Amino acid sequence: MLDMKYIRENLDEAERRLATRGGAFYLAGFRELDDERRRLLHASEALKAERNRVSDEIGKVKDKSQVQDQILGMRAVSQKIKEQDEELKQLDEKLQALLLTLPNLPDPTTPLGASENDNVEIRRWGNLPAFDFDPKAHWDIGEGLGILDFERAAKITGARFCLYRGAGARLERALLNFMLDLHTGQHGYEEVLPPFMVNRDSMTATGQLPKFEEDLFRLVDPDYLLIPTAEVPVTNIHRGEILKRSDLPIRYTAYTPCFRREAGSYGKDTRGLIRQHQFNKVELVKFTHPSESAAELEKLTADAEQVLQLLRLPYRVMALCSGDIGFSAAKTYDIEVWLPGQSCYREISSCSTFGDFQARRAGIRFREDEKGKPEFVHTLNGSGLAVGRTLVAVLENYQQQDGSVLVPEVLRPYMGGMERIA
RNA sequence: GGAGAGAUGGCCGAGUAGGUCGAAGGCGCUCGCCUGCUAAGCGAGUAUACUGGGAAACCGGUAUCGAGGGUUCGAAUCCCUCUCUCUCCGCCA
């Protein structure tokens, strides 16, 4: 959520900065709603002040018959207050609804651009593997080895699910354990294992609601939603809290499955593991001091990159442009891994800083010192990494001509010493 | 699922025949005094949001005692609904 006062005082600038996302009509109506709300608020509060004052006097009088006039007067005032508050409540809801649908302001360092074509490549790592045969796509490799079974998953549930088997299931587990061990052991993150379904307040705090409900899986009876990313439950760990300056930065890593409807992506990536309704992810989440969030984003991205470096998987890092960053993000780096089966780079991690956007929605604050006023923290998160897509990258980059797949060195301890999936 | 108990400020914990309660007291914390240092002791201060005024320091208003409604001139206190926590029973991985 954006700061109302900032919008009030910098309406044109806010509109201009939002427009760089593409779409220039975001703030229509704000001024009127805000002015009207404050006018009503003043009127209502003045009446309440009067009621409080008179009621106080009434309370001091023993013989109530002497103050019948005041009581009758206040009865009318109370009625008036009730009417005004009803009106005020509706205005508040409208204003709140408007604010909740406004995306974050792009960070000044986010490149300007309209679409993913304007994203900026920041760096590349690793050499693309050379094959003296035609590298296959992971679904062919996986089905050939009997470790990925899409047909039976479709029978069990439907499209966009996968049944992992044998070494495939184990490889997935090896990857996520490897990632968690790396981040907790080397990068200073605390491991957490959060709920995989959350309430609406949590989804609203991180920005999935109210705008993107169609992307989420819902439960019918308790009104809970399946998480599309661990960002949601983990960021909400500190919702409504005031942290100590010395607590910051807080770094969490969490494995969770992620559930996404993928509404509107019919026909996209229909084969294989790239776009599933359920996939595993190891997430990195940080709560930082505002002055440290920029540096922490670089570190977080590097932490995610290191997973790929240790797996010796080539990748590139892209700075997303203003037209391509997500709703809540101020700045985002995507890490894209090389997939030889498809001869392209595919997103495997998205690392973002949200500034105080989520913190304001979630009420996550800190005090600079004992006497300081609470200020909003900055929140960041990134995949470290998407496990399913990492498995895809391993299969495609480590495939051999005979259809087998070498197990990356760092994963062998997690695979019971297995060197090759055959 | 059945029965019962509870939810108050950073923490603990008073407060229910409605008013003087943003809320006793204690702890913690901050500042000052005291002390050779520390401890103890003494004094003062110590919630958040919105909002008005002010350059600011700061001053004022409103709201908040789990959440939402209701009764009343007036609600932490009375009524209703919901949520969560705890205990016992049942069930279950």
# chains A, B, ... in the order shown; residues from 1 in each chain; ligands from 1
>>> residues_around(residues="C80 in chain B", least_positions_apart="4", cutoff="12 Å", atoms="only C-alpha atoms (C1' of nucleotides)", output="list in words")
G68, G69, G70 and U71 of chain B
>>> closest_atom_pairs(of="chain A", to="chain B", cutoff="9 Å", atoms="only C-alpha atoms (C1' of nucleotides)", output="Markdown table")
| residue | atom | partner | partner_atom | distance |
| --- | --- | --- | --- | --- |
| A:Arg38 | CA | B:U51 | C1' | 8.0 |
| A:Leu41 | CA | B:U51 | C1' | 7.9 |
| A:His42 | CA | B:U51 | C1' | 7.5 |
| A:Ser44 | CA | B:U62 | C1' | 8.6 |
| A:Glu45 | CA | B:U62 | C1' | 5.4 |
| A:Ala46 | CA | B:G61 | C1' | 7.5 |
| A:Lys48 | CA | B:U62 | C1' | 7.4 |
| A:Ala49 | CA | B:G61 | C1' | 7.1 |
| A:Arg51 | CA | B:C73 | C1' | 7.8 |
| A:Asn52 | CA | B:G74 | C1' | 7.6 |
| A:Val54 | CA | B:C73 | C1' | 7.7 |
| A:Ser55 | CA | B:G74 | C1' | 5.4 |
| A:Asp56 | CA | B:G19 | C1' | 6.8 |
| A:Ile58 | CA | B:C73 | C1' | 7.1 |
| A:Gly59 | CA | B:G19 | C1' | 5.0 |
| A:Lys60 | CA | B:G19 | C1' | 7.6 |
| A:Gln68 | CA | B:C73 | C1' | 8.9 |
| A:Gln70 | CA | B:C73 | C1' | 7.1 |
| A:Ile71 | CA | B:C73 | C1' | 4.3 |
| A:Leu72 | CA | B:C73 | C1' | 7.1 |
| A:Gly73 | CA | B:C73 | C1' | 7.9 |
| A:Met74 | CA | B:C73 | C1' | 5.3 |
| A:Arg75 | CA | B:C73 | C1' | 6.1 |
| A:Ser78 | CA | B:C73 | C1' | 8.5 |
| A:Glu370 | CA | B:U30 | C1' | 7.3 |
| A:Lys371 | CA | B:U30 | C1' | 7.7 |
>>> write_last_selection(atoms="N, CA and C atoms", output="PDB file, in the first residue's frame")
ATOM      1  N   ARG A  38     -12.004  13.555   4.970  1.00  0.00           N
ATOM      2  CA  ARG A  38     -11.488  14.401   6.048  1.00  0.00           C
ATOM      3  C   ARG A  38     -12.533  15.417   6.515  1.00  0.00           C
ATOM      4  N   LEU A  41     -14.839  13.504   8.713  1.00  0.00           N
ATOM      5  CA  LEU A  41     -14.147  13.106   9.933  1.00  0.00           C
ATOM      6  C   LEU A  41     -14.141  14.255  10.933  1.00  0.00           C
ATOM      7  N   HIS A  42     -13.849  15.455  10.429  1.00  0.00           N
ATOM      8  CA  HIS A  42     -13.843  16.616  11.316  1.00  0.00           C
ATOM      9  C   HIS A  42     -15.197  16.857  11.928  1.00  0.00           C
ATOM     10  N   SER A  44     -17.638  14.770  12.393  1.00  0.00           N
ATOM     11  CA  SER A  44     -17.994  13.716  13.329  1.00  0.00           C
ATOM     12  C   SER A  44     -17.223  13.848  14.645  1.00  0.00           C
ATOM     13  N   GLU A  45     -15.947  14.162  14.522  1.00  0.00           N
ATOM     14  CA  GLU A  45     -15.142  14.266  15.732  1.00  0.00           C
ATOM     15  C   GLU A  45     -15.535  15.464  16.588  1.00  0.00           C
ATOM     16  N   ALA A  46     -15.968  16.537  15.931  1.00  0.00           N
ATOM     17  CA  ALA A  46     -16.408  17.706  16.692  1.00  0.00           C
ATOM     18  C   ALA A  46     -17.642  17.353  17.510  1.00  0.00           C
ATOM     19  N   LYS A  48     -18.490  14.382  18.521  1.00  0.00           N
ATOM     20  CA  LYS A  48     -18.108  13.444  19.583  1.00  0.00           C
ATOM     21  C   LYS A  48     -17.459  14.174  20.749  1.00  0.00           C
ATOM     22  N   ALA A  49     -16.691  15.190  20.422  1.00  0.00           N
ATOM     23  CA  ALA A  49     -16.054  15.969  21.482  1.00  0.00           C
ATOM     24  C   ALA A  49     -17.124  16.617  22.348  1.00  0.00           C
ATOM     25  N   ARG A  51     -20.241  15.604  22.703  1.00  0.00           N
ATOM     26  CA  ARG A  51     -20.954  14.572  23.447  1.00  0.00           C
ATOM     27  C   ARG A  51     -20.151  14.134  24.676  1.00  0.00           C
ATOM     28  N   ASN A  52     -18.863  13.959  24.475  1.00  0.00           N
ATOM     29  CA  ASN A  52     -18.021  13.552  25.595  1.00  0.00           C
ATOM     30  C   ASN A  52     -18.046  14.585  26.715  1.00  0.00           C
ATOM     31  N   VAL A  54     -20.374  16.956  27.351  1.00  0.00           N
ATOM     32  CA  VAL A  54     -21.667  17.067  28.016  1.00  0.00           C
ATOM     33  C   VAL A  54     -21.965  15.824  28.862  1.00  0.00           C
ATOM     34  N   SER A  55     -21.625  14.676  28.329  1.00  0.00           N
ATOM     35  CA  SER A  55     -21.872  13.444  29.087  1.00  0.00           C
ATOM     36  C   SER A  55     -21.100  13.452  30.389  1.00  0.00           C
ATOM     37  N   ASP A  56     -19.935  14.025  30.333  1.00  0.00           N
ATOM     38  CA  ASP A  56     -19.124  14.174  31.530  1.00  0.00           C
ATOM     39  C   ASP A  56     -19.858  14.998  32.586  1.00  0.00           C
ATOM     40  N   ILE A  58     -23.080  15.522  32.739  1.00  0.00           N
ATOM     41  CA  ILE A  58     -24.249  14.776  33.198  1.00  0.00           C
ATOM     42  C   ILE A  58     -23.846  13.798  34.296  1.00  0.00           C
ATOM     43  N   GLY A  59     -22.714  13.189  34.084  1.00  0.00           N
ATOM     44  CA  GLY A  59     -22.242  12.203  35.048  1.00  0.00           C
ATOM     45  C   GLY A  59     -21.985  12.782  36.415  1.00  0.00           C
ATOM     46  N   LYS A  60     -21.663  14.071  36.455  1.00  0.00           N
ATOM     47  CA  LYS A  60     -21.328  14.692  37.739  1.00  0.00           C
ATOM     48  C   LYS A  60     -22.564  15.103  38.518  1.00  0.00           C
ATOM     49  N   GLN A  68     -32.323  16.836  32.142  1.00  0.00           N
ATOM     50  CA  GLN A  68     -33.110  16.200  31.076  1.00  0.00           C
ATOM     51  C   GLN A  68     -32.890  16.865  29.729  1.00  0.00           C
ATOM     52  N   GLN A  70     -30.186  18.342  28.591  1.00  0.00           N
ATOM     53  CA  GLN A  70     -28.900  17.915  28.020  1.00  0.00           C
ATOM     54  C   GLN A  70     -28.989  16.473  27.494  1.00  0.00           C
ATOM     55  N   ILE A  71     -29.656  15.612  28.272  1.00  0.00           N
ATOM     56  CA  ILE A  71     -29.770  14.218  27.844  1.00  0.00           C
ATOM     57  C   ILE A  71     -30.502  14.127  26.521  1.00  0.00           C
ATOM     58  N   LEU A  72     -31.595  14.871  26.421  1.00  0.00           N
ATOM     59  CA  LEU A  72     -32.336  14.852  25.164  1.00  0.00           C
ATOM     60  C   LEU A  72     -31.492  15.414  24.026  1.00  0.00           C
ATOM     61  N   GLY A  73     -30.759  16.471  24.346  1.00  0.00           N
ATOM     62  CA  GLY A  73     -29.891  17.083  23.333  1.00  0.00           C
ATOM     63  C   GLY A  73     -28.850  16.101  22.829  1.00  0.00           C
ATOM     64  N   MET A  74     -28.251  15.378  23.764  1.00  0.00           N
ATOM     65  CA  MET A  74     -27.203  14.444  23.384  1.00  0.00           C
ATOM     66  C   MET A  74     -27.755  13.236  22.639  1.00  0.00           C
ATOM     67  N   ARG A  75     -29.018  12.926  22.958  1.00  0.00           N
ATOM     68  CA  ARG A  75     -29.641  11.828  22.226  1.00  0.00           C
ATOM     69  C   ARG A  75     -29.677  12.177  20.736  1.00  0.00           C
ATOM     70  N   SER A  78     -26.096  12.065  19.315  1.00  0.00           N
ATOM     71  CA  SER A  78     -25.660  10.696  19.075  1.00  0.00           C
ATOM     72  C   SER A  78     -26.242  10.136  17.790  1.00  0.00           C
ATOM     73  N   GLU A 370      14.868   3.450  21.426  1.00  0.00           N
ATOM     74  CA  GLU A 370      13.823   3.276  22.435  1.00  0.00           C
ATOM     75  C   GLU A 370      12.710   4.313  22.340  1.00  0.00           C
ATOM     76  N   LYS A 371      13.103   5.527  22.032  1.00  0.00           N
ATOM     77  CA  LYS A 371      12.110   6.599  22.042  1.00  0.00           C
ATOM     78  C   LYS A 371      11.565   6.914  20.659  1.00  0.00           C
TER      79      LYS A 371
END
>>> atom_distance(atom1="C1' of G15 in chain B", atom2="C1' of C78 in chain B")
15.6 Å
>>> residues_around(residues="G66 in chain B", least_positions_apart="2", cutoff="8 Å", atoms="only C-alpha atoms (C1' of nucleotides)", output="ChimeraX atom specification")
/B:7,83-84
>>> atom_distance(atom1="CA of Asp402 in chain A", atom2="CA of Gly166 in chain A")
19.0 Å
>>> residues_around(residues="Pro413 in chain A", least_positions_apart="4", cutoff="12 Å", atoms="only C-alpha atoms (C1' of nucleotides)", output="ChimeraX atom specification")
/A:170-171,173-175,177-178,407-409,417-419
>>> select_by_dssp(residues="range 122-331 of chain A", states="alpha helix (DSSP H)", output="ChimeraX atom specification")
/A:138-145,150-156,166-185,200-206,231-235,293-311
>>> closest_residue(among="A:Lys80, A:Arg16, A:Arg361, A:Lys94", to="Leu33 in chain A", atoms="only C-alpha atoms")
A:Lys94
>>> residues_around(residues="Gln399 in chain A", least_positions_apart="5", cutoff="8 Å", atoms="only C-alpha atoms (C1' of nucleotides)", output="ChimeraX atom specification")
/A:135-136,141,394,404-406
>>> closest_residue(among="A:His289, A:Lys82, A:His238, A:His277", to="Cys162 in chain A", atoms="only C-alpha atoms")
A:His277
>>> decode(residues="range 255-281 of chain A", atoms="N, CA, C and O atoms", output="mmCIF file, in the first residue's frame")
data_model
loop_
_atom_site.group_PDB
_atom_site.id
_atom_site.type_symbol
_atom_site.label_atom_id
_atom_site.label_comp_id
_atom_site.auth_asym_id
_atom_site.auth_seq_id
_atom_site.Cartn_x
_atom_site.Cartn_y
_atom_site.Cartn_z
ATOM 1 N N TYR A 255 10.951 -23.907 2.942
ATOM 2 C CA TYR A 255 10.453 -24.753 1.864
ATOM 3 C C TYR A 255 8.942 -24.793 1.978
ATOM 4 O O TYR A 255 8.416 -24.981 3.087
ATOM 5 N N THR A 256 8.271 -24.601 0.868
ATOM 6 C CA THR A 256 6.833 -24.876 0.828
ATOM 7 C C THR A 256 6.456 -25.322 -0.580
ATOM 8 O O THR A 256 7.135 -24.980 -1.541
ATOM 9 N N PRO A 257 5.386 -26.080 -0.685
ATOM 10 C CA PRO A 257 4.782 -26.210 -2.001
ATOM 11 C C PRO A 257 4.062 -24.901 -2.329
ATOM 12 O O PRO A 257 3.714 -24.142 -1.415
ATOM 13 N N CYS A 258 3.882 -24.629 -3.613
ATOM 14 C CA CYS A 258 3.179 -23.422 -4.040
ATOM 15 C C CYS A 258 2.048 -23.841 -4.958
ATOM 16 O O CYS A 258 2.219 -24.751 -5.775
ATOM 17 N N PHE A 259 0.903 -23.180 -4.779
ATOM 18 C CA PHE A 259 -0.283 -23.568 -5.538
ATOM 19 C C PHE A 259 -0.766 -22.377 -6.355
ATOM 20 O O PHE A 259 -1.050 -21.317 -5.794
ATOM 21 N N ARG A 260 -0.840 -22.570 -7.662
ATOM 22 C CA ARG A 260 -1.257 -21.460 -8.525
ATOM 23 C C ARG A 260 -2.261 -21.926 -9.563
ATOM 24 O O ARG A 260 -2.076 -22.955 -10.188
ATOM 25 N N ARG A 261 -3.288 -21.109 -9.731
ATOM 26 C CA ARG A 261 -4.319 -21.453 -10.703
ATOM 27 C C ARG A 261 -3.804 -21.343 -12.122
ATOM 28 O O ARG A 261 -4.303 -22.010 -13.018
ATOM 29 N N GLU A 262 -2.881 -20.432 -12.343
ATOM 30 C CA GLU A 262 -2.362 -20.172 -13.689
ATOM 31 C C GLU A 262 -3.495 -19.803 -14.632
ATOM 32 O O GLU A 262 -3.525 -20.193 -15.806
ATOM 33 N N ALA A 263 -4.444 -19.035 -14.099
ATOM 34 C CA ALA A 263 -5.547 -18.551 -14.918
ATOM 35 C C ALA A 263 -4.957 -17.668 -16.010
ATOM 36 O O ALA A 263 -4.060 -16.874 -15.767
ATOM 37 N N GLY A 264 -5.458 -17.817 -17.202
ATOM 38 C CA GLY A 264 -4.997 -16.972 -18.291
ATOM 39 C C GLY A 264 -3.720 -17.439 -18.952
ATOM 40 O O GLY A 264 -3.179 -16.759 -19.795
ATOM 41 N N SER A 265 -3.235 -18.615 -18.555
ATOM 42 C CA SER A 265 -2.022 -19.104 -19.208
ATOM 43 C C SER A 265 -2.309 -20.405 -19.943
ATOM 44 O O SER A 265 -1.435 -21.229 -20.128
ATOM 45 N N TYR A 266 -3.580 -20.581 -20.332
ATOM 46 C CA TYR A 266 -3.952 -21.787 -21.071
ATOM 47 C C TYR A 266 -3.085 -21.878 -22.316
ATOM 48 O O TYR A 266 -2.857 -20.901 -22.997
ATOM 49 N N GLY A 267 -2.588 -23.043 -22.567
ATOM 50 C CA GLY A 267 -1.815 -23.230 -23.795
ATOM 51 C C GLY A 267 -0.370 -22.833 -23.660
ATOM 52 O O GLY A 267 0.433 -23.075 -24.543
ATOM 53 N N LYS A 268 0.011 -22.202 -22.529
ATOM 54 C CA LYS A 268 1.412 -21.817 -22.319
ATOM 55 C C LYS A 268 2.127 -22.906 -21.530
ATOM 56 O O LYS A 268 1.613 -23.350 -20.503
ATOM 57 N N ASP A 269 3.276 -23.294 -21.976
ATOM 58 C CA ASP A 269 4.081 -24.291 -21.252
ATOM 59 C C ASP A 269 3.228 -25.478 -20.821
ATOM 60 O O ASP A 269 3.241 -25.887 -19.669
ATOM 61 N N THR A 270 2.484 -26.020 -21.752
ATOM 62 C CA THR A 270 1.570 -27.100 -21.360
ATOM 63 C C THR A 270 2.306 -28.407 -21.102
ATOM 64 O O THR A 270 1.800 -29.263 -20.400
ATOM 65 N N ARG A 271 3.485 -28.552 -21.666
ATOM 66 C CA ARG A 271 4.232 -29.797 -21.443
ATOM 67 C C ARG A 271 5.255 -29.602 -20.338
ATOM 68 O O ARG A 271 5.862 -28.537 -20.199
ATOM 69 N N GLY A 272 5.446 -30.638 -19.573
ATOM 70 C CA GLY A 272 6.555 -30.629 -18.630
ATOM 71 C C GLY A 272 6.269 -29.924 -17.329
ATOM 72 O O GLY A 272 5.127 -29.593 -16.990
ATOM 73 N N LEU A 273 7.347 -29.671 -16.624
ATOM 74 C CA LEU A 273 7.262 -29.193 -15.242
ATOM 75 C C LEU A 273 7.283 -27.676 -15.107
ATOM 76 O O LEU A 273 7.199 -27.152 -14.007
ATOM 77 N N ILE A 274 7.434 -26.973 -16.218
ATOM 78 C CA ILE A 274 7.677 -25.534 -16.105
ATOM 79 C C ILE A 274 6.526 -24.796 -15.440
ATOM 80 O O ILE A 274 6.726 -23.919 -14.611
ATOM 81 N N ARG A 275 5.314 -25.122 -15.824
ATOM 82 C CA ARG A 275 4.159 -24.384 -15.297
ATOM 83 C C ARG A 275 3.152 -25.355 -14.702
ATOM 84 O O ARG A 275 2.326 -25.910 -15.409
ATOM 85 N N GLN A 276 3.243 -25.576 -13.397
ATOM 86 C CA GLN A 276 2.403 -26.549 -12.710
ATOM 87 C C GLN A 276 1.465 -25.836 -11.734
ATOM 88 O O GLN A 276 1.733 -24.727 -11.295
ATOM 89 N N HIS A 277 0.375 -26.510 -11.412
ATOM 90 C CA HIS A 277 -0.524 -25.942 -10.394
ATOM 91 C C HIS A 277 0.068 -26.092 -8.998
ATOM 92 O O HIS A 277 -0.304 -25.367 -8.091
ATOM 93 N N GLN A 278 0.959 -27.067 -8.854
ATOM 94 C CA GLN A 278 1.613 -27.284 -7.567
ATOM 95 C C GLN A 278 3.092 -27.503 -7.826
ATOM 96 O O GLN A 278 3.459 -28.350 -8.650
ATOM 97 N N PHE A 279 3.923 -26.714 -7.149
ATOM 98 C CA PHE A 279 5.359 -26.937 -7.297
ATOM 99 C C PHE A 279 6.054 -26.582 -5.995
ATOM 100 O O PHE A 279 5.508 -25.862 -5.153
ATOM 101 N N ASN A 280 7.250 -27.110 -5.842
ATOM 102 C CA ASN A 280 8.001 -26.855 -4.611
ATOM 103 C C ASN A 280 8.938 -25.676 -4.802
ATOM 104 O O ASN A 280 9.470 -25.456 -5.884
ATOM 105 N N LYS A 281 9.123 -24.946 -3.732
ATOM 106 C CA LYS A 281 10.021 -23.794 -3.818
ATOM 107 C C LYS A 281 10.688 -23.602 -2.459
ATOM 108 O O LYS A 281 10.086 -23.799 -1.410
#
